[in-house]
Each structure stands twice: as C-alpha cells, then as structure tokens.
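Asker: Okay, handing you the structure first.
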Amino acid sequence: IQFMDLEIIDTSGDEKKMSFTIELIGTCQQIVLVYSVSSRDSFLKLQHLHDTMRSYMLSFESLLIVGNKADLDTVNRRVSYYEGSGLARKIGAHFVETSAMSNINVGCVFGAILPYSIAKRVRSYLNY
C-alpha cells in the first residue's frame, strides 16, 4: 500500500489569502476549483483566481472545475450548468457539478484527479 498526499485548502474566496493560495498552488499537481451554483460572485472569483494562476504561469497536470449545490432548482441557481461547463472547456479543465448535501457526484471529484496521481507514480516507478 502506498499513500498519497492530499491537501485541501479552503480560501472561501478570501482575497487576503490570495498570495498564500497562489504560493501553495504553485506546488500542486492537480487543482480543484469549486464555486457555488447559487452564487454568481463565487463563479466570478473562481474565474479571477484562474486568471491570476495563469498570470503567474503556474503549471499543473490537471484542473477540475466543480459547481457545488447542484441539487438546487433552477430558480435558486445563479450559474447554469452550461456556464460552468463552458468555462471549463474554455480553459481546458474537466468539469462536474456536485451536491455535498445530497452526495451527488462527490466521489467523481476524487475519481477525476486520482488517475493523474496514479499515472505519475507509475511513470516515476518506471523511470519515465
């Protein structure tokens, strides 16, 4: 059995934590950026964070955009599925909507990033 490091950082969109976040992101291989489908502001902040990451020319193996609170009806949504998936497509990221409350697609988040980590370990083991 081999263990993998997983570090989860929740900045909650706090601008004060931006430099700390950028510093940590620079050491990551997989990035998961999460916004709430009930908050247009969180979606815009996610876009801003991605633009900031690009301006620092940070590189990573995979990027996943997650729209949380997918269980909400269309009346309470502020960001559509198509906007989220469109942003992901535009920046070359994977995309999934989840609901932590209803446990919808939560496992998909880890399922989307783990193959990259496992592949890297295999390449490392085989000296690629």
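The chains in the structure tokens are called A, B, ... from first to last as shown; in each chain the residues are counted from 1, and the ligands are counted from 1 in the order shown.
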Contacts of region 43-45 of chain A at 9 Å or less, counting only C-alpha atoms, minus same-chain residues fewer than 6 places along, as a list in words?

Answerer: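 Once the nearby chain positions are removed, what remains is Gly13, Val34, Tyr35, Ser36, Val37, Gly67, Val79 and Gly84 of chain A.
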
Asker: Since we have the selection now, will you write its residues out, keeping all heavy atoms, as a PDB file, in the first residue's frame?

Answerer:
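Dumped everything to selection.pdb:
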ATOM      1  N   GLY A  13     -12.788  32.142  -1.169  1.00  0.00           N
ATOM      2  CA  GLY A  13     -12.753  33.350  -1.989  1.00  0.00           C
ATOM      3  C   GLY A  13     -12.186  34.563  -1.278  1.00  0.00           C
ATOM      4  O   GLY A  13     -12.331  35.682  -1.744  1.00  0.00           O
ATOM      5  N   VAL A  34     -13.603  25.214  -6.861  1.00  0.00           N
ATOM      6  CA  VAL A  34     -15.025  24.994  -6.573  1.00  0.00           C
ATOM      7  C   VAL A  34     -15.756  26.326  -6.450  1.00  0.00           C
ATOM      8  O   VAL A  34     -15.249  27.257  -5.820  1.00  0.00           O
ATOM      9  CB  VAL A  34     -15.186  24.202  -5.248  1.00  0.00           C
ATOM     10  CG1 VAL A  34     -16.658  23.930  -4.960  1.00  0.00           C
ATOM     11  CG2 VAL A  34     -14.385  22.908  -5.284  1.00  0.00           C
ATOM     12  N   TYR A  35     -16.924  26.388  -7.040  1.00  0.00           N
ATOM     13  CA  TYR A  35     -17.810  27.541  -6.859  1.00  0.00           C
ATOM     14  C   TYR A  35     -19.194  27.014  -6.513  1.00  0.00           C
ATOM     15  O   TYR A  35     -19.494  25.838  -6.697  1.00  0.00           O
ATOM     16  CB  TYR A  35     -17.859  28.412  -8.131  1.00  0.00           C
ATOM     17  CG  TYR A  35     -18.528  27.748  -9.296  1.00  0.00           C
ATOM     18  CD1 TYR A  35     -19.891  27.908  -9.530  1.00  0.00           C
ATOM     19  CD2 TYR A  35     -17.808  26.922 -10.165  1.00  0.00           C
ATOM     20  CE1 TYR A  35     -20.509  27.271 -10.593  1.00  0.00           C
ATOM     21  CE2 TYR A  35     -18.433  26.293 -11.230  1.00  0.00           C
ATOM     22  CZ  TYR A  35     -19.774  26.462 -11.438  1.00  0.00           C
ATOM     23  OH  TYR A  35     -20.387  25.832 -12.484  1.00  0.00           O
ATOM     24  N   SER A  36     -20.030  27.888  -6.003  1.00  0.00           N
ATOM     25  CA  SER A  36     -21.409  27.524  -5.694  1.00  0.00           C
ATOM     26  C   SER A  36     -22.301  27.959  -6.845  1.00  0.00           C
ATOM     27  O   SER A  36     -22.237  29.115  -7.280  1.00  0.00           O
ATOM     28  CB  SER A  36     -21.860  28.223  -4.408  1.00  0.00           C
ATOM     29  OG  SER A  36     -23.255  28.057  -4.236  1.00  0.00           O
ATOM     30  N   VAL A  37     -23.149  27.056  -7.334  1.00  0.00           N
ATOM     31  CA  VAL A  37     -24.055  27.414  -8.423  1.00  0.00           C
ATOM     32  C   VAL A  37     -25.092  28.436  -7.952  1.00  0.00           C
ATOM     33  O   VAL A  37     -25.757  29.061  -8.773  1.00  0.00           O
ATOM     34  CB  VAL A  37     -24.752  26.182  -9.046  1.00  0.00           C
ATOM     35  CG1 VAL A  37     -23.731  25.210  -9.604  1.00  0.00           C
ATOM     36  CG2 VAL A  37     -25.711  25.514  -8.091  1.00  0.00           C
ATOM     37  N   GLY A  67     -18.879  22.763  -9.788  1.00  0.00           N
ATOM     38  CA  GLY A  67     -20.016  23.587  -9.402  1.00  0.00           C
ATOM     39  C   GLY A  67     -20.760  22.859  -8.296  1.00  0.00           C
ATOM     40  O   GLY A  67     -21.338  21.795  -8.534  1.00  0.00           O
ATOM     41  N   VAL A  79     -25.741  30.331 -11.530  1.00  0.00           N
ATOM     42  CA  VAL A  79     -24.795  29.906 -12.561  1.00  0.00           C
ATOM     43  C   VAL A  79     -25.343  28.618 -13.178  1.00  0.00           C
ATOM     44  O   VAL A  79     -25.587  27.646 -12.465  1.00  0.00           O
ATOM     45  CB  VAL A  79     -23.382  29.647 -11.973  1.00  0.00           C
ATOM     46  CG1 VAL A  79     -22.411  29.252 -13.078  1.00  0.00           C
ATOM     47  CG2 VAL A  79     -22.879  30.857 -11.209  1.00  0.00           C
ATOM     48  N   GLY A  84     -20.821  26.849 -16.397  1.00  0.00           N
ATOM     49  CA  GLY A  84     -19.725  26.158 -15.729  1.00  0.00           C
ATOM     50  C   GLY A  84     -18.957  25.271 -16.682  1.00  0.00           C
ATOM     51  O   GLY A  84     -17.717  25.318 -16.738  1.00  0.00           O
TER      52      GLY A  84
END

Asker: Excluding same-chain residues fewer than 5 positions from region 74-76 of chain A, what lies within 10 Å of it counting only C-alpha atoms, as a list in words?

Answerer: Val37, Ser38, Ser39 and Lys69 of chain A

Asker: Restricting it to all heavy atoms, dump the selection as a short mmCIF file (atom, residue, chain, number, x, y, z; two decimals), in the first residue's frame.

Answerer:
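Written output follows (part_6.cif):
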data_model
loop_
_atom_site.label_atom_id
_atom_site.label_comp_id
_atom_site.auth_asym_id
_atom_site.auth_seq_id
_atom_site.Cartn_x
_atom_site.Cartn_y
_atom_site.Cartn_z
N VAL A 37 -23.15 27.06 -7.33
CA VAL A 37 -24.06 27.41 -8.42
C VAL A 37 -25.09 28.44 -7.95
O VAL A 37 -25.76 29.06 -8.77
CB VAL A 37 -24.75 26.18 -9.05
CG1 VAL A 37 -23.73 25.21 -9.60
CG2 VAL A 37 -25.71 25.51 -8.09
N SER A 38 -25.20 28.64 -6.65
CA SER A 38 -26.14 29.63 -6.11
C SER A 38 -25.50 31.01 -5.95
O SER A 38 -26.15 31.94 -5.49
CB SER A 38 -26.69 29.17 -4.75
OG SER A 38 -25.66 29.17 -3.79
N SER A 39 -24.22 31.14 -6.35
CA SER A 39 -23.52 32.40 -6.16
C SER A 39 -22.74 32.80 -7.41
O SER A 39 -21.69 32.23 -7.71
CB SER A 39 -22.55 32.28 -4.97
OG SER A 39 -21.69 33.39 -4.91
N LYS A 69 -23.61 22.50 -5.07
CA LYS A 69 -25.03 22.75 -4.81
C LYS A 69 -25.89 22.45 -6.05
O LYS A 69 -26.87 23.13 -6.33
CB LYS A 69 -25.27 24.18 -4.32
CG LYS A 69 -24.57 24.48 -3.01
CD LYS A 69 -24.96 25.82 -2.47
CE LYS A 69 -24.22 26.08 -1.16
NZ LYS A 69 -24.55 27.38 -0.58
#

Asker: Please report the interatomic distance between CA of Leu63 (chain A) and CA of Arg89 (chain A) in Å with one decimal.

Answerer: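 Separating CA of Leu63 (chain A) from CA of Arg89 (chain A) is a distance of 10.9 Å.
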
Asker: Just asking: which residues within region 67-118 of chain A are helix (DSSP H, G or I) according to DSSP, as a PyMOL selection string?

Answerer: chain A and resi 81-91+106-118

Asker: For the residues selected in the previous step, produce a file with C-alpha atoms as a compact mmCIF listing (two decimals), in the first residue's frame.

Answerer:
# COMPACT_ATOMS: atom_id res chain seq x y z
CA TYR A 81 -24.55 24.08 -15.90
CA TYR A 82 -23.70 25.40 -19.36
CA GLU A 83 -21.80 28.39 -17.99
CA GLY A 84 -19.73 26.16 -15.73
CA SER A 85 -19.00 23.57 -18.39
CA GLY A 86 -18.32 26.35 -20.91
CA LEU A 87 -15.70 27.92 -18.64
CA ALA A 88 -14.09 24.53 -18.08
CA ARG A 89 -13.95 23.88 -21.82
CA LYS A 90 -12.53 27.37 -22.47
CA ILE A 91 -9.65 26.91 -20.00
CA VAL A 106 -18.79 13.94 -4.71
CA GLY A 107 -16.83 10.78 -5.45
CA CYS A 108 -16.41 11.96 -9.06
CA VAL A 109 -14.22 14.80 -7.85
CA PHE A 110 -11.67 12.38 -6.44
CA GLY A 111 -12.20 9.98 -9.32
CA ALA A 112 -11.29 12.77 -11.73
CA ILE A 113 -7.99 13.71 -10.07
CA LEU A 114 -6.70 10.36 -8.81
CA PRO A 115 -5.89 8.86 -12.22
CA TYR A 116 -3.36 11.65 -12.79
CA SER A 117 -1.67 10.96 -9.45
CA ILE A 118 -1.60 7.23 -10.05

Asker: CA of Ala70 (chain A) and CA of Asp51 (chain A), how far apart in Å?

Answerer: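 Value for the CA of Asp51 (chain A)-CA of Ala70 (chain A) distance: 24.5 Å.
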